[in-house]
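Structure below is model-v5.cif: mmCIF, C-alpha atoms.
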```
data_model
loop_
_atom_site.label_atom_id
_atom_site.label_comp_id
_atom_site.auth_asym_id
_atom_site.auth_seq_id
_atom_site.Cartn_x
_atom_site.Cartn_y
_atom_site.Cartn_z
CA MET A 188 119.80 78.29 170.08
CA SER A 189 119.56 82.06 170.22
CA GLN A 190 117.45 83.45 167.41
CA ASN A 191 119.06 86.89 167.73
CA ASN A 192 122.32 85.65 166.22
CA TYR A 193 120.75 84.98 162.83
CA ASN A 194 119.15 88.37 161.96
CA LEU A 195 115.76 86.86 161.26
CA MET A 196 113.03 88.66 159.34
CA ASN A 197 109.62 89.46 160.85
CA GLY A 198 107.60 86.29 161.31
CA GLU A 199 110.61 84.09 160.58
CA THR A 200 111.41 81.15 162.84
CA ILE A 201 114.24 78.63 162.82
CA ILE A 202 113.08 75.19 161.74
CA ALA A 203 116.41 73.34 161.82
CA GLU A 204 120.13 73.87 162.00
CA ALA A 205 122.23 71.31 160.18
CA GLN A 206 124.80 69.49 162.27
CA PHE A 207 128.22 68.55 160.97
CA HIS A 208 129.27 64.93 161.01
CA TYR A 209 132.22 64.02 163.23
CA PHE A 210 133.86 62.34 160.23
CA LEU A 211 134.85 65.82 159.06
CA TYR A 212 137.45 65.84 161.84
CA TRP A 213 139.03 62.40 161.41
CA LEU A 214 142.44 63.65 160.21
CA PRO A 215 142.87 66.18 163.04
CA ALA A 216 141.77 63.45 165.47
CA LEU A 217 144.52 61.25 164.07
CA LEU A 218 147.01 64.07 164.76
CA VAL A 219 145.77 64.37 168.35
CA LEU A 220 146.20 60.62 168.80
CA LEU A 221 149.73 60.84 167.41
CA ALA A 222 150.47 63.76 169.77
CA VAL A 223 149.31 61.72 172.77
CA VAL A 224 151.25 58.58 171.77
CA LEU A 225 154.44 60.32 170.58
CA PRO A 226 156.07 60.86 174.02
CA PHE A 227 155.67 57.15 174.80
CA LEU A 228 157.29 55.85 171.62
CA PRO A 229 160.73 54.28 172.09
CA LEU A 230 162.65 56.86 170.06
CA GLN A 231 166.19 58.16 170.58
CA ALA A 232 165.12 61.79 171.07
CA PRO A 233 164.91 63.21 174.61
CA VAL A 234 161.45 63.25 176.19
CA LYS A 235 161.56 67.06 176.35
CA TYR A 236 161.70 67.28 172.54
CA MET A 237 159.00 64.66 172.19
CA LEU A 238 156.74 66.77 174.40
CA TYR A 239 157.50 69.85 172.27
CA CYS A 240 156.58 67.89 169.15
CA SER A 241 153.39 66.66 170.82
CA GLY A 242 152.44 70.21 171.74
CA ALA A 243 153.12 71.40 168.18
CA LEU A 244 150.96 68.57 166.79
CA LEU A 245 148.13 69.51 169.16
CA VAL A 246 148.30 73.14 168.02
CA VAL A 247 148.29 72.06 164.35
CA ALA A 248 145.29 69.78 165.01
CA LEU A 249 143.41 72.60 166.74
CA LEU A 250 144.10 75.03 163.90
CA TRP A 251 143.06 72.37 161.39
CA ILE A 252 139.75 71.86 163.19
CA VAL A 253 139.11 75.60 163.23
CA ALA A 254 139.95 75.83 159.52
CA LEU A 255 137.65 72.89 158.66
CA ASN A 256 134.71 74.25 160.58
CA ASN A 257 135.41 77.89 159.68
CA GLY A 258 132.46 79.05 161.77
CA LYS A 259 130.01 77.38 159.38
CA ARG A 260 126.31 77.43 160.16
CA TYR A 261 123.52 76.07 157.97
CA ILE A 262 120.13 77.28 159.17
CA LEU A 263 116.72 76.44 157.74
CA THR A 264 113.93 78.87 158.61
CA ASN A 265 110.33 78.99 157.51
CA LYS A 266 111.30 81.53 154.79
CA ARG A 267 114.89 80.83 153.70
CA ILE A 268 118.06 78.80 154.06
CA ILE A 269 120.98 80.70 155.56
CA LYS A 270 124.60 79.62 155.04
CA LYS A 271 127.07 81.50 157.22
CA THR A 272 130.81 80.93 157.01
CA GLY A 273 133.85 82.58 158.50
CA ILE A 274 135.13 83.35 161.95
CA ILE A 275 136.82 86.71 161.51
CA GLN A 276 135.50 87.65 158.08
CA ARG A 277 131.83 86.61 157.90
CA GLU A 278 130.13 85.61 154.64
CA THR A 279 126.40 84.91 154.40
CA ALA A 280 124.44 83.34 151.57
CA GLU A 281 120.65 83.23 151.72
CA LEU A 282 118.29 81.25 149.53
CA MET A 283 114.61 82.12 149.65
CA LEU A 284 112.54 78.94 149.92
CA ARG A 285 109.91 80.18 147.46
CA LYS A 286 112.59 80.43 144.74
CA ILE A 287 114.17 77.00 145.22
CA GLU A 288 113.87 74.79 142.15
CA ALA A 289 115.89 71.74 143.14
CA VAL A 290 117.25 70.01 146.23
CA ALA A 291 119.78 67.21 145.77
CA THR A 292 121.45 64.95 148.31
CA LYS A 293 124.88 63.47 147.58
CA GLN A 294 126.57 60.74 149.58
CA SER A 295 129.78 58.87 148.96
CA ILE A 296 130.19 55.25 150.02
CA ALA A 297 131.77 56.39 153.28
CA GLY A 298 128.97 58.92 153.68
CA ARG A 299 126.36 56.19 153.34
CA ILE A 300 128.16 53.99 155.85
CA PHE A 301 128.76 56.74 158.42
CA GLY A 302 125.61 58.80 157.81
CA TYR A 303 126.86 62.04 156.30
CA GLY A 304 126.56 63.78 152.96
CA ASP A 305 126.05 67.01 151.06
CA VAL A 306 122.80 68.78 150.29
CA GLU A 307 122.78 70.96 147.17
CA VAL A 308 120.08 73.59 146.81
CA SER A 309 119.50 75.39 143.51
CA THR A 310 117.38 78.43 142.64
CA GLY A 311 118.26 78.44 138.95
CA GLU A 312 120.54 81.45 139.42
CA GLN A 313 122.52 80.13 142.35
CA THR A 314 123.48 76.71 143.68
CA ASP A 315 124.74 76.27 147.21
CA SER A 316 126.22 73.13 148.66
CA PHE A 317 125.95 72.28 152.34
CA GLU A 318 128.80 69.85 153.04
CA PHE A 319 129.38 67.09 155.62
CA ILE A 320 125.87 67.27 157.06
CA LEU A 321 124.85 64.64 159.56
CA ARG A 322 121.74 62.83 158.24
CA PRO A 323 121.50 64.84 154.98
CA HIS A 324 118.20 63.22 153.93
CA GLN A 325 116.49 64.53 157.07
CA PHE A 326 117.75 68.07 156.35
CA SER A 327 116.62 67.73 152.73
CA ASN A 328 113.17 66.50 153.84
CA LYS A 329 112.79 69.48 156.17
CA ILE A 330 113.61 71.80 153.26
CA HIS A 331 110.98 70.05 151.12
CA GLU A 332 108.42 70.30 153.93
CA GLN A 333 108.95 74.06 154.21
CA ILE A 334 108.74 74.52 150.44
CA ASP A 335 105.46 72.53 150.37
CA LEU A 336 104.12 74.58 153.27
CA ILE A 337 104.91 77.83 151.45
CA ALA A 338 103.34 76.51 148.24
CA SER A 339 100.15 75.37 150.01
CA THR A 340 99.89 78.70 151.87
CA ALA A 341 100.30 80.60 148.60
CA ALA A 342 97.73 78.36 146.88
CA ALA A 343 95.25 78.87 149.73
CA ALA A 344 95.79 82.63 149.58
CA GLY A 345 95.27 82.57 145.79
CA THR A 346 92.05 80.56 146.15
CA GLN A 347 90.87 82.93 148.86
CA LEU A 348 91.52 85.95 146.62
CA ALA A 349 89.81 84.32 143.63
CA THR A 350 86.64 83.46 145.59
CA GLY A 351 86.60 86.72 147.52
CA ASP A 352 86.60 84.96 150.92
CA GLU A 353 88.23 86.71 153.82
#
```

Can you dump the structure from the file as structure tokens?
Amino acid sequence: MSQNNYNLMNGETIIAEAQFHYFLYWLPALLVLLAVVLPFLPLQAPVKYMLYCSGALLVVALLWIVALNNGKRYILTNKRIIKKTGIIQRETAELMLRKIEAVATKQSIAGRIFGYGDVEVSTGEQTDSFEFILRPHQFSNKIHEQIDLIASTAAAAGTQLATGDE
């Protein structure tokens, strides 16, 4: 993973990048399956037209996959969480870890069965949702670990200042 692509601050390192669950793509996968099977179905249409339809279904499935993913990236660093979306038009949302007030994990029944879910992070002013994450509890735990690390570093620095130690 190239750290240059994320415009990191000085002293900032990438801790984790959330992965998307394959379940996000189940409908486009169904279209691909239909496109593969379509030419072999005993229909009255000529094979040439069936192949055209299969090609069109494959293009639709590919566009659907691109639209679902939309160039999304969820990156956890030691200072912030970065949410990047968009392929042509890029949009970036950044949440500073020291300002995070709440982290919530949401999973549907299917999400619990297949191991995906959403992680919602709130700073009081802003709430961002990170959808269809593979193993959302692990991503949430990594966020909590970084928040605790920042808090303990700040507490140690405060104690050091109060006692005059250097």

Legend entry - Selection: 12 Å around Tyr209 in chain A, only C-alpha atoms, excl. self and same-chain fewer than 4 positions, as an MDAnalysis selection string: chainID A and resid 213:216 252 255:256 298 301:304 319:322

Show me, as a PDB file with C-alpha atoms, keeping the file's coordinate frame, the residues that have an atom within 10 Å of range 275-277 of chain A when counting only C-alpha atoms, minus same-chain residues fewer than 6 positions from it.
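The result, written out as result-v5.pdb:
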```pdb
ATOM      1  CA  ASN A 257     135.410  77.890 159.680  1.00  0.00           C
ATOM      2  CA  GLY A 258     132.460  79.050 161.770  1.00  0.00           C
ATOM      3  CA  LYS A 259     130.010  77.380 159.380  1.00  0.00           C
TER       4      LYS A 259
END
```

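Contact shell of Lys329 in chain A at 9 Å (only C-alpha atoms; same-chain neighbours under 3 positions omitted): Ile202, Ala203, Leu263, His324, Gln325, Phe326, Glu332, Gln333 and Ile334 of chain A.
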
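For the residues A:Leu249, A:Ala291, A:Ala254, A:Ala343, ranking by smallest atom-to-atom distance to Ser327 in chain A using only C-alpha atoms places A:Ala291 first.
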
Legend entry - Reference answer for the PyMOL selection byres ((chain A and resi 201) around 9), as a list in words: Gln190, Leu195, Glu199, Thr200, Ile202, Ala203, Glu204, Ile262, Leu263, Thr264 and Asn265 of chain A

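Taking CA of Arg267 in chain A as the reference point, CA of Leu284 in chain A is found at 4.8 Å.
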